[in-house]
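Next comes query17.cif, a file with mmCIF, C-alpha atoms.
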data_start
loop_
_atom_site.label_atom_id
_atom_site.label_comp_id
_atom_site.auth_asym_id
_atom_site.auth_seq_id
_atom_site.Cartn_x
_atom_site.Cartn_y
_atom_site.Cartn_z
CA MET A 848 86.56 144.10 135.57
CA SER A 849 86.23 140.47 134.51
CA VAL A 850 82.92 138.71 134.82
CA THR A 851 82.65 135.42 136.68
CA LEU A 852 80.57 133.04 134.63
CA THR A 853 78.70 129.90 135.62
CA GLY A 854 79.20 126.36 134.40
CA GLN A 855 76.21 126.74 132.07
CA ASP A 856 77.99 129.57 130.22
CA ARG A 857 81.04 127.39 129.43
CA PRO A 858 79.59 123.86 129.28
CA GLU A 859 82.68 122.55 127.49
CA LEU A 860 84.85 123.46 130.50
CA GLN A 861 82.48 121.93 133.03
CA LYS A 862 82.26 118.80 130.90
CA ALA A 863 86.06 118.60 130.69
CA ILE A 864 86.59 118.70 134.45
CA GLU A 865 83.78 116.22 135.06
CA GLU A 866 85.41 113.81 132.61
CA ILE A 867 88.76 114.29 134.39
CA VAL A 868 87.09 113.24 137.64
CA ASP A 869 85.60 110.23 135.85
CA SER A 870 89.14 109.23 134.75
CA GLY A 871 90.14 108.64 138.38
CA PHE A 872 90.63 111.95 140.19
CA ALA A 873 88.78 112.82 143.38
CA GLY A 874 88.29 116.50 142.56
CA VAL A 875 89.17 119.35 140.21
CA GLN A 876 89.15 123.15 140.60
CA LEU A 877 89.51 125.15 137.39
CA ARG A 878 89.85 128.88 136.66
CA VAL A 879 90.05 130.28 133.13
CA ASN A 880 90.60 133.94 132.26
CA ASP A 881 90.30 134.91 128.60
CA GLU A 882 88.55 137.24 126.19
CA ARG A 883 85.19 135.91 127.41
CA GLY A 884 85.88 136.89 131.01
CA GLU A 885 86.58 134.64 133.98
CA TRP A 886 85.13 131.18 134.48
CA VAL A 887 85.53 129.16 137.66
CA GLY A 888 84.22 125.71 138.37
CA SER A 889 84.82 122.49 140.25
CA ALA A 890 83.89 118.84 139.98
CA GLY A 891 84.19 115.70 142.05
CA VAL A 892 84.30 115.72 145.83
CA ARG A 893 86.09 117.76 148.47
CA LYS A 894 86.65 114.69 150.62
CA LEU A 895 86.16 110.98 150.05
CA GLY A 896 82.93 109.75 151.62
CA GLU A 897 81.28 113.16 151.31
CA ARG A 898 79.19 114.70 148.53
CA ALA A 899 80.34 118.32 148.71
CA LYS A 900 82.29 119.53 145.68
CA PRO A 901 85.76 121.05 146.05
CA PRO A 902 85.67 124.80 146.78
CA THR A 903 86.20 126.77 143.57
CA ASN A 904 88.98 128.80 145.19
CA GLY A 905 90.23 126.40 147.82
CA ARG A 906 93.87 126.13 148.81
CA PHE A 907 95.98 123.26 147.50
CA ARG A 908 99.58 122.09 147.32
CA ILE A 909 101.06 123.33 144.05
CA GLY A 910 104.12 121.05 143.89
CA SER A 911 106.75 122.05 141.34
CA THR A 912 104.74 125.08 140.23
CA THR A 913 106.64 126.52 143.21
CA LYS A 914 109.74 126.57 141.00
CA THR A 915 108.36 129.47 138.96
CA PHE A 916 107.91 131.49 142.15
CA THR A 917 111.42 130.58 143.33
CA ALA A 918 113.02 131.44 139.99
CA THR A 919 111.17 134.76 139.92
CA VAL A 920 112.55 135.71 143.35
CA VAL A 921 116.10 134.85 142.21
CA LEU A 922 115.66 136.98 139.09
CA GLN A 923 114.22 139.84 141.15
CA LEU A 924 117.39 139.70 143.27
CA VAL A 925 119.40 139.77 140.03
CA ALA A 926 117.49 142.96 139.18
CA GLU A 927 118.45 144.32 142.62
CA ASP A 928 122.13 143.53 141.87
CA LYS A 929 122.31 141.07 144.76
CA ILE A 930 122.92 138.08 142.48
CA ARG A 931 124.70 137.67 139.14
CA LEU A 932 122.97 135.19 136.88
CA ASP A 933 126.13 133.83 135.26
CA SER A 934 128.35 133.81 138.34
CA PRO A 935 129.32 130.50 139.96
CA ALA A 936 126.77 129.45 142.57
CA ASP A 937 129.80 128.60 144.69
CA ASP A 938 130.45 132.35 145.06
CA TYR A 939 127.31 132.59 147.18
CA LEU A 940 127.32 129.15 148.82
CA PRO A 941 130.99 128.28 149.37
CA ARG A 942 130.22 125.88 152.22
CA PHE A 943 129.13 123.16 149.79
CA GLY A 944 132.22 123.12 147.58
CA LEU A 945 130.12 123.20 144.40
CA ASP A 946 131.71 122.68 141.02
CA ARG A 947 132.81 126.20 140.03
CA ARG A 948 131.38 125.67 136.55
CA ILE A 949 127.83 125.58 137.96
CA THR A 950 126.25 129.02 137.57
CA VAL A 951 123.08 130.45 139.09
CA ARG A 952 121.49 130.25 135.63
CA MET A 953 122.23 126.51 135.49
CA LEU A 954 120.40 125.98 138.78
CA LEU A 955 117.28 127.69 137.46
CA GLN A 956 117.42 125.90 134.10
CA HIS A 957 118.32 122.40 135.35
CA THR A 958 121.59 122.29 133.43
CA SER A 959 123.90 121.91 136.45
CA GLY A 960 124.07 118.13 136.19
CA LEU A 961 123.47 117.77 139.93
CA PHE A 962 121.96 114.49 141.11
CA ASN A 963 118.25 114.77 141.92
CA TYR A 964 118.01 114.00 145.64
CA THR A 965 114.48 112.60 145.19
CA GLY A 966 115.96 109.91 142.93
CA GLU A 967 117.25 109.60 139.39
CA TYR A 968 115.76 107.64 136.51
CA TYR A 969 118.26 106.84 133.78
CA ASP A 970 117.63 106.14 130.11
CA ASP A 971 118.66 102.51 130.48
CA GLY A 972 115.87 101.92 133.01
CA THR A 973 118.03 101.92 136.13
CA VAL A 974 117.03 103.93 139.18
CA ALA A 975 119.32 105.61 141.72
CA PRO A 976 117.26 106.17 144.88
CA GLY A 977 117.33 109.34 146.94
CA ILE A 978 115.16 110.19 149.94
CA PRO A 979 112.05 108.02 150.52
CA TRP A 980 109.33 109.40 148.26
CA GLN A 981 106.86 106.57 147.70
CA GLY A 982 105.31 103.56 149.37
CA GLN A 983 105.09 102.84 153.07
CA GLU A 984 108.42 104.55 153.79
CA TYR A 985 107.06 107.79 152.33
CA VAL A 986 103.92 107.57 154.46
CA ASP A 987 105.97 106.79 157.56
CA ASN A 988 107.88 110.05 156.97
CA GLN A 989 104.66 112.09 156.71
CA PHE A 990 105.68 114.45 159.52
CA HIS A 991 109.47 114.23 159.25
CA THR A 992 111.37 117.51 158.84
CA TYR A 993 114.20 117.61 156.33
CA GLN A 994 116.76 120.41 156.42
CA PRO A 995 117.71 121.92 153.03
CA GLU A 996 121.40 121.42 153.78
CA GLU A 997 120.96 117.67 154.23
CA LEU A 998 119.12 117.43 150.92
CA VAL A 999 121.93 119.29 149.15
CA ARG A 1000 124.61 117.13 150.77
CA LEU A 1001 122.76 113.99 149.73
CA ALA A 1002 122.72 115.25 146.14
CA LEU A 1003 126.42 116.12 146.26
CA SER A 1004 127.30 112.70 147.64
CA LYS A 1005 126.10 111.10 144.38
CA PRO A 1006 127.73 111.23 140.94
CA ALA A 1007 126.64 114.12 138.75
CA ARG A 1008 124.54 113.22 135.71
CA PHE A 1009 126.73 115.23 133.33
CA GLU A 1010 129.30 118.00 133.15
CA PRO A 1011 127.77 121.39 134.08
CA GLY A 1012 126.10 123.11 131.15
CA THR A 1013 126.42 120.20 128.72
CA ASP A 1014 122.89 118.74 129.01
CA TRP A 1015 119.51 119.17 130.69
CA SER A 1016 117.98 117.07 133.46
CA TYR A 1017 115.22 118.03 135.88
CA SER A 1018 116.64 118.04 139.40
CA ASN A 1019 114.95 119.28 142.56
CA SER A 1020 118.44 119.75 144.03
CA ASN A 1021 118.88 122.88 141.89
CA TYR A 1022 115.98 124.63 143.57
CA ILE A 1023 117.03 123.71 147.10
CA LEU A 1024 120.28 125.49 146.30
CA ALA A 1025 118.31 128.41 144.88
CA LYS A 1026 116.44 128.73 148.19
CA LEU A 1027 119.69 128.70 150.17
CA LEU A 1028 121.20 131.23 147.77
CA ILE A 1029 118.23 133.59 148.31
CA GLU A 1030 118.64 133.33 152.06
CA GLU A 1031 122.40 133.80 151.90
CA VAL A 1032 122.38 137.00 149.86
CA THR A 1033 119.44 138.64 151.66
CA GLY A 1034 119.95 137.51 155.24
CA ARG A 1035 116.23 136.70 155.35
CA SER A 1036 114.25 133.50 155.05
CA PHE A 1037 112.90 132.23 151.75
CA ALA A 1038 109.37 132.83 153.05
CA GLU A 1039 110.18 136.43 153.99
CA GLU A 1040 111.65 137.19 150.57
CA MET A 1041 108.69 135.56 148.84
CA GLN A 1042 106.41 137.77 150.89
CA ARG A 1043 108.42 140.93 150.17
CA LEU A 1044 108.87 140.46 146.44
CA ILE A 1045 105.74 138.63 145.25
CA LEU A 1046 102.99 137.82 147.75
CA GLN A 1047 102.58 141.24 149.34
CA PRO A 1048 102.93 143.36 146.15
CA LEU A 1049 100.36 141.21 144.33
CA GLY A 1050 98.06 140.72 147.33
CA LEU A 1051 98.30 136.92 147.20
CA SER A 1052 96.61 136.31 150.54
CA GLY A 1053 95.76 132.71 149.73
CA THR A 1054 99.37 131.66 149.12
CA VAL A 1055 101.54 130.13 151.82
CA VAL A 1056 105.17 129.09 152.15
CA PRO A 1057 104.61 126.35 154.75
CA GLY A 1058 108.15 125.47 155.82
CA SER A 1059 107.81 122.36 157.99
CA SER A 1060 104.16 122.94 158.91
CA PRO A 1061 101.91 120.08 157.73
CA GLU A 1062 98.77 122.23 157.69
CA ILE A 1063 96.76 123.68 154.79
CA PRO A 1064 94.59 126.67 155.71
CA GLU A 1065 90.87 126.27 155.03
CA PRO A 1066 89.08 125.99 152.73
CA HIS A 1067 90.68 123.08 150.93
CA ALA A 1068 89.96 119.74 149.36
CA HIS A 1069 91.69 116.55 150.53
CA GLY A 1070 94.39 114.66 148.68
CA TYR A 1071 94.96 110.91 148.91
CA TYR A 1072 97.78 108.52 148.20
CA ARG A 1073 97.04 104.97 147.06
CA TYR A 1074 99.92 102.51 147.26
CA GLU A 1075 100.69 98.83 147.64
CA HIS A 1076 102.33 97.46 150.78
CA ALA A 1077 102.86 93.83 151.76
CA GLY A 1078 100.57 92.69 148.96
CA GLN A 1079 97.71 94.99 149.95
CA TRP A 1080 96.52 98.30 148.56
CA LYS A 1081 96.14 101.16 151.01
CA VAL A 1082 94.65 104.64 150.72
CA VAL A 1083 96.00 107.35 153.01
CA ASP A 1084 94.82 110.93 153.43
CA VAL A 1085 97.96 113.02 152.76
CA THR A 1086 96.34 116.42 153.20
CA ARG A 1087 98.34 117.07 156.36
CA PHE A 1088 101.95 116.47 155.32
CA ASN A 1089 105.30 118.00 156.20
CA VAL A 1090 106.59 118.88 152.72
CA SER A 1091 110.03 120.04 153.85
CA TRP A 1092 111.24 117.08 151.78
CA ILE A 1093 110.62 119.16 148.62
CA SER A 1094 111.17 122.66 150.10
CA ALA A 1095 111.47 125.52 147.56
CA ALA A 1096 111.36 122.99 144.73
CA GLY A 1097 107.69 122.32 145.43
CA ASP A 1098 106.34 123.14 148.89
CA MET A 1099 104.01 126.11 148.35
CA ILE A 1100 100.25 126.24 148.89
CA SER A 1101 98.06 128.50 146.76
CA THR A 1102 94.68 128.96 145.06
CA THR A 1103 93.63 129.08 141.42
CA GLU A 1104 92.98 132.83 141.81
CA ASP A 1105 96.42 133.55 143.27
CA LEU A 1106 98.17 131.46 140.62
CA GLN A 1107 96.25 133.35 137.94
CA THR A 1108 97.18 136.72 139.45
CA PHE A 1109 100.85 135.73 139.82
CA PHE A 1110 101.34 134.22 136.37
CA SER A 1111 99.45 136.97 134.56
CA ALA A 1112 101.56 139.59 136.38
CA LEU A 1113 104.76 137.73 135.58
CA MET A 1114 103.96 137.24 131.91
CA SER A 1115 102.82 140.85 131.43
CA GLY A 1116 106.09 142.24 132.78
CA LYS A 1117 104.95 143.48 136.18
CA LEU A 1118 107.46 141.46 138.23
CA LEU A 1119 110.67 141.49 136.17
CA PRO A 1120 112.49 143.93 133.89
CA ASP A 1121 112.03 143.09 130.21
CA HIS A 1122 115.54 141.69 129.73
CA LEU A 1123 115.22 139.29 132.66
CA LEU A 1124 111.74 138.16 131.61
CA ALA A 1125 113.24 137.46 128.19
CA GLU A 1126 115.98 135.37 129.84
CA MET A 1127 113.36 133.48 131.83
CA ARG A 1128 111.37 132.70 128.69
CA THR A 1129 114.33 131.54 126.57
CA PRO A 1130 114.05 127.74 126.46
CA HIS A 1131 116.77 125.13 126.56
CA PRO A 1132 116.43 123.08 123.36
CA LYS A 1133 115.82 119.91 125.35
CA LEU A 1134 112.17 119.89 126.53
CA GLY A 1135 111.83 123.66 126.24
CA TYR A 1136 112.67 124.70 129.82
CA GLY A 1137 113.53 128.33 130.46
CA LEU A 1138 114.42 129.67 133.91
CA GLY A 1139 111.71 128.16 136.09
CA LEU A 1140 109.08 127.60 133.41
CA PHE A 1141 108.33 125.59 130.28
CA VAL A 1142 107.87 127.10 126.83
CA GLU A 1143 105.46 125.24 124.58
CA GLU A 1144 104.25 125.79 121.04
CA THR A 1145 100.76 124.89 119.92
CA ASP A 1146 99.89 123.38 116.57
CA GLY A 1147 98.04 126.60 115.85
CA GLY A 1148 101.32 128.50 115.85
CA GLY A 1149 100.93 130.08 119.27
CA THR A 1150 103.21 129.97 122.30
CA ILE A 1151 102.18 129.22 125.86
CA PHE A 1152 104.18 129.24 129.07
CA HIS A 1153 103.54 126.93 131.99
CA HIS A 1154 104.83 125.06 135.00
CA ASN A 1155 102.69 122.28 136.35
CA GLY A 1156 103.38 120.53 139.60
CA GLY A 1157 102.37 117.65 141.76
CA PHE A 1158 103.18 114.85 144.12
CA PHE A 1159 101.08 112.16 145.71
CA GLY A 1160 97.60 113.47 146.40
CA TRP A 1161 97.96 116.74 144.53
CA ALA A 1162 98.53 118.32 141.13
CA ALA A 1163 98.50 121.91 139.91
CA LEU A 1164 98.25 123.52 136.46
CA MET A 1165 99.42 127.03 135.56
CA TYR A 1166 99.35 128.22 131.92
CA SER A 1167 99.43 131.59 130.18
CA THR A 1168 99.79 133.23 126.83
CA PRO A 1169 102.88 135.48 126.47
CA ASP A 1170 100.92 138.64 127.29
CA GLY A 1171 99.29 137.18 130.41
CA ARG A 1172 95.79 137.84 129.10
CA LYS A 1173 94.68 134.24 128.74
CA THR A 1174 95.38 131.95 131.67
CA LEU A 1175 94.41 128.53 132.96
CA THR A 1176 95.01 127.54 136.59
CA ALA A 1177 93.75 124.39 138.22
CA SER A 1178 94.07 121.93 141.07
CA LEU A 1179 93.54 118.18 140.82
CA THR A 1180 93.34 115.86 143.80
CA THR A 1181 93.79 112.12 143.62
CA GLY A 1182 91.48 109.77 145.46
CA ASP A 1183 91.02 106.02 145.82
CA ALA A 1184 90.83 105.10 142.14
CA GLU A 1185 92.69 101.91 141.31
CA LEU A 1186 95.61 103.63 139.61
CA ASP A 1187 99.27 102.85 140.19
CA PHE A 1188 101.96 105.52 139.90
CA ALA A 1189 102.34 105.17 136.13
CA ALA A 1190 98.58 105.14 135.55
CA THR A 1191 98.11 108.24 137.72
CA ALA A 1192 100.84 110.07 135.79
CA ASP A 1193 99.22 109.06 132.51
CA ALA A 1194 95.80 110.23 133.70
CA PHE A 1195 97.29 113.58 134.75
CA GLN A 1196 98.97 113.97 131.36
CA LYS A 1197 95.71 113.35 129.53
CA ALA A 1198 93.80 115.65 131.90
CA HIS A 1199 95.97 118.70 131.42
CA GLN A 1200 96.23 118.13 127.67
CA ARG A 1201 92.44 118.10 127.51
CA LEU A 1202 92.15 121.39 129.39
CA VAL A 1203 94.90 123.11 127.41
CA LYS A 1204 93.24 121.99 124.18
CA GLU A 1205 89.92 123.46 125.27
CA VAL A 1206 91.30 126.80 126.46
CA PHE A 1207 94.23 127.57 124.18
CA CYS A 1208 93.30 125.70 121.02
CA GLY A 1209 89.55 126.21 120.95
CA GLY A 1210 89.02 122.48 121.48
CA LYS A 1211 90.01 121.86 117.87
CA THR A 1212 93.75 121.22 117.71
CA GLU A 1213 96.23 119.28 119.73
CA VAL A 1214 99.07 120.86 121.66
CA ALA A 1215 102.45 120.06 120.20
CA ALA A 1216 105.20 118.63 122.35
CA ALA A 1217 107.41 121.22 123.98
CA LYS A 1218 110.40 122.05 121.79
#
Output the file's structure as structure tokens, nothing else.
Amino acid sequence: MSVTLTGQDRPELQKAIEEIVDSGFAGVQLRVNDERGEWVGSAGVRKLGERAKPPTNGRFRIGSTTKTFTATVVLQLVAEDKIRLDSPADDYLPRFGLDRRITVRMLLQHTSGLFNYTGEYYDDGTVAPGIPWQGQEYVDNQFHTYQPEELVRLALSKPARFEPGTDWSYSNSNYILAKLLIEEVTGRSFAEEMQRLILQPLGLSGTVVPGSSPEIPEPHAHGYYRYEHAGQWKVVDVTRFNVSWISAAGDMISTTEDLQTFFSALMSGKLLPDHLLAEMRTPHPKLGYGLGLFVEETDGGGTIFHHNGGFFGWAALMYSTPDGRKTLTASLTTGDAELDFAATADAFQKAHQRLVKEVFCGGKTEVAAAK
């Protein structure tokens, strides 16, 4: 049994999360499992205007970390012979008239070329908008319910980024299709299959597939969105939010403990047969993305797997060594710091690099860019 340590036992970790809060975040929850046992801690505040720290195992929105869960369910259905990884996705979802060259594998690896319905950013600096995802329009849609089919049809109404299988580009549209594929082949909802294949077997009682519900079960910290409108800066509490706009590409709610349990189980081979786990962990050469997770090499010669996530108000970290024995899971909430979108993204990048350096590189070496 692992031992839960206090902040005084791992002062470097407590210092790291306190410095992350000082960089502009409202709160941080961190859980580390390694050869020294388990350490949990938090810093900052649970809610603006209050002094209480975030709960060390509170629930939070995990954003695109959801994609690892979704990809795992698809691969589990491959193991059950309900899905063929290299078959056209159109075989399972003929109603959309998908390009027959797009396979299930391409959906999970972001090599389909499908337009990202949340908007595309091109190398020349141009932007092709999708659904409202920032500013006042985003806030005004706080409780709007999107149907997965409408998100897919929006994506299909736009030009593809490239021919299927010829390049890599992160697109939430791929994972909306993965959700619909799961439901089509099983006759059950995405939430039901997630419960059957992952949540119930692993006892992940703190993890929720919310659908269109805007609620987060207690205990939880609060997330905030700061944006400019009509020449004025506003701060909005986005804790209650209908996240059907991101669906199976990023809608799940979890805890640092549940993420640790899930990712350790996945990495140690408890959820997938060896050959499918190997497929999942084989990276595309561009940015090192496998099937629902990133593969990253450290300067020290090691390999780590991860999938972070986030949208306004929330961010999640989930890292593991290949054997699942050393893990880092965390939640970050944004507050009212005077950071624009780019500055927030930069602060998040620096925050998770700091934590990864402390946990996986002994605080001594930098983490190399994913390859």
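Picked out by the PyMOL selection byres ((chain A and resi 1172-1186) around 6) when it runs on this file: Gly871, Phe872, Ala873, Gly874, Val875, Gln876, Leu877, Arg878, Val879, Asn880, Asp881, Gly1070, Tyr1071, Thr1103, Gly1160, Trp1161, Ala1162, Ala1163, Leu1164, Met1165, Tyr1166, Ser1167, Thr1168, Asp1170, Gly1171, Asp1187, Ala1190 and Thr1191 of chain A.
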Which residue, A:Asp1098, A:Glu996, A:Glu1040, A:Asp856, has the smallest gap to Lys914 (chain A) when you use all atoms listed in the file?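 Looking only at the distances to Lys914 (chain A), the closest residue turns out to be A:Asp1098.
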Could you list the residues chosen by the PyMOL selection byres ((chain A and resi 1141-1143) around 6) in this structure as a ChimeraX atom specification? /A:1135-1137,1140,1144,1150-1154,1217
Write out as JSON, numbers by chain which residues come within 8 Å of Asp1105 (chain A) when counting all atoms listed in the file, dropping same-chain ones fewer than 4 positions away. {"A": [1051, 1052, 1053, 1054, 1101, 1109]}
Residues just named, written with C-alpha atoms as a JSON list (two decimals), in the frame of the given file:
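Printed below is again39.json as written:
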[["chain", "number", "residue", "atom", "x", "y", "z"],
["A", 1051, "LEU", "CA", 98.30, 136.92, 147.20],
["A", 1052, "SER", "CA", 96.61, 136.31, 150.54],
["A", 1053, "GLY", "CA", 95.76, 132.71, 149.73],
["A", 1054, "THR", "CA", 99.37, 131.66, 149.12],
["A", 1101, "SER", "CA", 98.06, 128.50, 146.76],
["A", 1109, "PHE", "CA", 100.85, 135.73, 139.82]]
Which polymer residues have any atom within 10 Å of an atom of Ile930 (chain A), counting all atoms listed in the file, with same-chain residues fewer than 4 positions away left out, as a ChimeraX atom specification? /A:921-926,934,936,938-939,951,1028-1029,1032-1033
Only C-alpha atoms, please: the residues just picked out, written as a tab-separated table (two decimals), in the coordinates of the input.
chain	number	residue	atom	x	y	z
A	921	VAL	CA	116.10	134.85	142.21
A	922	LEU	CA	115.66	136.98	139.09
A	923	GLN	CA	114.22	139.84	141.15
A	924	LEU	CA	117.39	139.70	143.27
A	925	VAL	CA	119.40	139.77	140.03
A	926	ALA	CA	117.49	142.96	139.18
A	934	SER	CA	128.35	133.81	138.34
A	936	ALA	CA	126.77	129.45	142.57
A	938	ASP	CA	130.45	132.35	145.06
A	939	TYR	CA	127.31	132.59	147.18
A	951	VAL	CA	123.08	130.45	139.09
A	1028	LEU	CA	121.20	131.23	147.77
A	1029	ILE	CA	118.23	133.59	148.31
A	1032	VAL	CA	122.38	137.00	149.86
A	1033	THR	CA	119.44	138.64	151.66
As an exercise, work out the distance from CA of Gln981 (chain A) to CA of Phe1158 (chain A) in Å and give it to one decimal place. 9.7 Å
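Considering all atoms listed in the file, the residue among A:Pro901, A:Gly966, A:Pro1048, A:Gly1058 positioned nearest to Lys1117 (chain A) is A:Pro1048.
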Given the PyMOL selection byres ((chain A and resi 1014-1019) around 8), the residues it picks as number ranges by chain: A: 956-965, 1008-1013, 1020-1023, 1093, 1096, 1131, 1133
